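Engineer: Quick one: the structure is below, and I'll ask about it shortly.
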Amino acid sequence: MFLHRVDHFGISWASSNLQIGIQWHSSRHFFTQYKLGKKLGEGAFGQVRLVVDRSTQKELAVKIVDVRERDEHGACSGAVSKSRDRVTRTEVDLWAKASGNDCEYIVKLHKSFAEKSLYYMVCEKCQCSFMDRLVEAESMSEADLAKIFRHMLLGVFHTHEVGIVHRDIKPDNFLWGGPNNSILKLCDYGLAVMMPKAGKLSGVFGTAPYMAPEMLRNEGYDFLADVWSIGSVAYLLVFGSFPYSPSEASAPAMKKAIIEDHPPLHFPALSDAQGVVSGSLVGALDFTKMLLKRSAKQRPTAAEALRHEFVAEKVVKLPDANEFDPLLRNS
């Protein structure tokens with residue numbers, strides 16, 4: 001068991017054992033087509049539940065979001081929050097766009113229903129979260145880690161390919177599903193945004209330990225911010241800590257450390273690695289260093305990272321980077 005307590009950022013490690021449009025339907029049709037089942041998870045604005053397609057008896061999942069205004073105690077009022085409503089519609093539209101080409105490394109959104117203050121997003125059902133499987137794992141080989149990051153990068157690559165920056169890449173936003181639950185799938189497009197054809201994105205979004213330096217420094221950012229986030233996950237799995245670990249375990253302190261590079265980004269000797277992976281880790285270390293370039297100009301795109309020897313062994317043949325890389329295509 002590698003996960004032994006929860007800290008301020010949600011985890012702590014021990015060293016032991018194509019334009020796609022979304023078609024909206026009325027919620028009345030949702031209950032006609034699906035039978036609502038048990039709760040699978042819950043968040044600040046809604047919950048995820050099991051559903052069964054009444055015509056096929058296939059099990060799926062539904063994310064239900066309540067967009068009503070909330071008071072200081074989190075209780076809902078009767079009025080719809082215009083900002084929450086807009087954010088939820090954007091999430092659905094971008095999720096549909098990202099999963100519309102049937103990429104197996106992105107959780108598939110099947111249908112969406114809306115009625116007054118409630119949204120119902122019917123998607124494929126996955127077995128468990130990436131974090132849940134890590135908690136249960138007794139060990140992980142370097143080959144296991146390579147597969148994990150191959151799958152993560154493929155989900156991000158296909159997201160970028162349709163012009164979307166995810167902005168919240170972290171372990172919690174990957175689920176195991178597909179045949180024999182062997183495919184790691186990217187989910188949760190709640191903070192995602194379309195990359196403009198010209199210029200950069202602005203604003204700070206995501207989860208503090210995985211935020212890219214350029215985002216926090218208000219320099220403007222693009223697809224490469226997601227690549228930094230994958231690098232932060234890689235560092236966490238290899239070394240058992242975040243790339244930046246300030247003495248105060250808080251989001252503001254973490255952001256300050258990333259901005260100032262203090263304490264400086266450091267890659268310990270592999271013999272001192274306290275992460276979840278066994279083996280030589282030489283390839284994993286080189287891969288992690290490549291993703292965690294503080295200068296975005298020196299950082300690889302997702303397409304380029306997929307060609308690193310650590311993850312490239314079983315990757316399907318990818319298109320030429322100059323043709324398919326969104327950064328190059330939009331330049």
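FYI, nothing fancy with the structure tokens labels: chains A, B, ... in order, residues from 1 per chain, ligands from 1 as they appear.
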Find the nearest atom pair between each residue of range 80-178 of chain A and range 287-300 of chain A for residues within 12 Å, count only C-alpha atoms, give distances in Å to one decimal, sort rows by chain and ascending number, and present the table as JSON lines.
Structural biologist:
```
{"residue": "A:Glu142", "atom": "CA", "partner": "A:Phe287", "partner_atom": "CA", "distance": 11.9}
{"residue": "A:Leu145", "atom": "CA", "partner": "A:Phe287", "partner_atom": "CA", "distance": 11.1}
{"residue": "A:Ala146", "atom": "CA", "partner": "A:Phe287", "partner_atom": "CA", "distance": 9.6}
{"residue": "A:Phe149", "atom": "CA", "partner": "A:Phe287", "partner_atom": "CA", "distance": 9.7}
{"residue": "A:Arg150", "atom": "CA", "partner": "A:Phe287", "partner_atom": "CA", "distance": 11.2}
{"residue": "A:Leu153", "atom": "CA", "partner": "A:Leu291", "partner_atom": "CA", "distance": 11.2}
{"residue": "A:Phe157", "atom": "CA", "partner": "A:Pro300", "partner_atom": "CA", "distance": 11.7}
```
Engineer: Deliver the residues from the most recent selection as a file, using C-alpha atoms, as a tab-separated table (two decimals), in the first residue's frame.
Structural biologist:
```tsv
chain	number	residue	atom	x	y	z
A	142	GLU	CA	8.84	0.63	-14.63
A	145	LEU	CA	4.66	3.27	-15.24
A	146	ALA	CA	5.51	3.53	-18.93
A	149	PHE	CA	2.14	7.70	-19.03
A	150	ARG	CA	1.67	6.40	-22.56
A	153	LEU	CA	-0.19	11.33	-23.01
A	157	PHE	CA	-2.59	14.40	-27.27
```
Engineer: Taking only residues of range 126-196 of chain A that have an atom at most 7 Å from an atom of range 210-229 of chain A, what is each one's shortest atom pair and its distance in Å to one decimal, using only C-alpha atoms, in chain and number order, as JSON lines?
Structural biologist:
```
{"residue": "A:His160", "atom": "CA", "partner": "A:Phe223", "partner_atom": "CA", "distance": 6.6}
{"residue": "A:Val165", "atom": "CA", "partner": "A:Phe223", "partner_atom": "CA", "distance": 5.4}
{"residue": "A:His166", "atom": "CA", "partner": "A:Asp226", "partner_atom": "CA", "distance": 6.7}
{"residue": "A:Arg167", "atom": "CA", "partner": "A:Asp226", "partner_atom": "CA", "distance": 6.1}
{"residue": "A:Ile169", "atom": "CA", "partner": "A:Ser229", "partner_atom": "CA", "distance": 5.7}
{"residue": "A:Lys170", "atom": "CA", "partner": "A:Tyr210", "partner_atom": "CA", "distance": 6.8}
{"residue": "A:Met195", "atom": "CA", "partner": "A:Asp222", "partner_atom": "CA", "distance": 6.9}
```
Engineer: Can you tell me which residues surround range 255-262 of chain A at a distance of at most 7 Å, considering only C-alpha atoms, apart from same-chain residues fewer than 2 positions away, and format the answer as a JSON list (two decimals) with C-alpha atoms, in the first residue's frame?
Structural biologist:
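Result written to around.json:
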```
[["chain", "number", "residue", "atom", "x", "y", "z"],
["A", 208, "ALA", "CA", -1.80, 23.94, -7.26],
["A", 213, "PRO", "CA", 5.19, 28.17, -13.99],
["A", 216, "LEU", "CA", 1.24, 31.22, -12.33],
["A", 217, "ARG", "CA", 3.52, 33.99, -13.58],
["A", 244, "TYR", "CA", 7.95, 21.61, -5.32],
["A", 246, "PRO", "CA", 7.35, 24.02, 0.44],
["A", 251, "ALA", "CA", -2.00, 26.03, -2.14],
["A", 252, "PRO", "CA", -0.61, 29.60, -1.83],
["A", 253, "ALA", "CA", 2.76, 28.31, -0.60],
["A", 264, "PRO", "CA", 14.71, 24.79, -6.48],
["A", 265, "LEU", "CA", 13.40, 21.95, -8.62]]
```
Engineer: Taking the DSSP secondary structure from the backbone, can you list the residues of range 156-185 of chain A that are alpha helix (DSSP H), as number ranges by chain?
Structural biologist: A: 156-161
Engineer: Keeping N, CA and C atoms, export the residues of the selection given above as a JSON list (two decimals), in the first residue's frame.
Structural biologist:
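again.json was written with the following content:
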```json
[["chain", "number", "residue", "atom", "x", "y", "z"],
["A", 156, "VAL", "N", -4.20, 13.22, -23.56],
["A", 156, "VAL", "CA", -3.89, 14.64, -23.68],
["A", 156, "VAL", "C", -3.60, 15.01, -25.13],
["A", 157, "PHE", "N", -2.89, 14.16, -25.85],
["A", 157, "PHE", "CA", -2.59, 14.40, -27.27],
["A", 157, "PHE", "C", -3.87, 14.60, -28.07],
["A", 158, "HIS", "N", -4.83, 13.70, -27.88],
["A", 158, "HIS", "CA", -6.09, 13.80, -28.64],
["A", 158, "HIS", "C", -6.92, 15.00, -28.20],
["A", 159, "THR", "N", -6.82, 15.37, -26.94],
["A", 159, "THR", "CA", -7.50, 16.58, -26.46],
["A", 159, "THR", "C", -6.90, 17.82, -27.13],
["A", 160, "HIS", "N", -5.59, 17.88, -27.18],
["A", 160, "HIS", "CA", -4.91, 19.00, -27.83],
["A", 160, "HIS", "C", -5.19, 19.02, -29.33],
["A", 161, "GLU", "N", -5.32, 17.84, -29.92],
["A", 161, "GLU", "CA", -5.49, 17.75, -31.36],
["A", 161, "GLU", "C", -6.78, 18.43, -31.83]]
```
Engineer: Determine the nearest neighbour of Leu36 in chain A from the options A:Lys97, A:Arg70, A:Arg49, A:Lys116, counting only C-alpha atoms.
Structural biologist: A:Arg49
Engineer: Closest to Asp53 in chain A among A:Cys123, A:Cys103, A:Cys76, A:Ala284, using only C-alpha atoms?
Structural biologist: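 Closest to Asp53 in chain A, using only C-alpha atoms: A:Cys123.
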Engineer: If DSSP is run on the backbone, what residues of range 96-272 of chain A are strand (DSSP E)? A reply as a list in words would be ideal.
Structural biologist: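 Answer for range 96-272 of chain A restricted to strand (DSSP E) is Leu109, His110, Lys111, Ser112, Phe113, Ala114, Glu115, Leu118, Tyr119, Tyr120, Met121, Val122, Cys123, Cys128, Ser129, Ile164, Val165, Phe174, Leu175, Trp176, Gly177, Ile183, Leu184, Lys185, Leu186, Val193 and Met194 of chain A.
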Engineer: From the list A:Ala198, A:Leu118, A:Thr56, A:Asp188, which residue is nearest Leu94 in chain A when using only C-alpha atoms?
Structural biologist: A:Asp188
Engineer: One decimal, Å: what's the distance from CA of Leu184 in chain A over to CA of His151 in chain A, could you say?
Structural biologist: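 Computing the Euclidean distance for CA of Leu184 in chain A and CA of His151 in chain A yields 5.7 Å.
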Engineer: Contacts of Gly41 in chain A at 12 Å or less, counting only C-alpha atoms, minus same-chain residues fewer than 3 places along, as a PyMOL selection string?
Structural biologist: chain A and resi 37-38+44-50+61-64+128-129
Engineer: Would you please work out which residue, of A:Leu154, A:Ala303, A:Leu191, A:Met131, is nearest to Leu237 in chain A when using only C-alpha atoms?
Structural biologist: A:Met131
Engineer: Report, in Å to a single decimal, how far apart CA of Lys58 in chain A and CA of Val87 in chain A are.
Structural biologist: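 Pair CA of Val87 in chain A / CA of Lys58 in chain A returns 29.4 Å.
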Engineer: Compare A:Leu306, A:Gln33, A:Gly178, A:Thr90 by their minimum atom-to-atom distance to Met194 in chain A, counting only C-alpha atoms, and give me the closest one.
Structural biologist: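 When distances to Met194 in chain A are compared using only C-alpha atoms, the smallest one comes from A:Thr90.
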Engineer: So what do you get for CA of Gln127 in chain A versus CA of Val107 in chain A, distance-wise?
Structural biologist: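 That distance, rounded to one decimal, is 11.6 Å.
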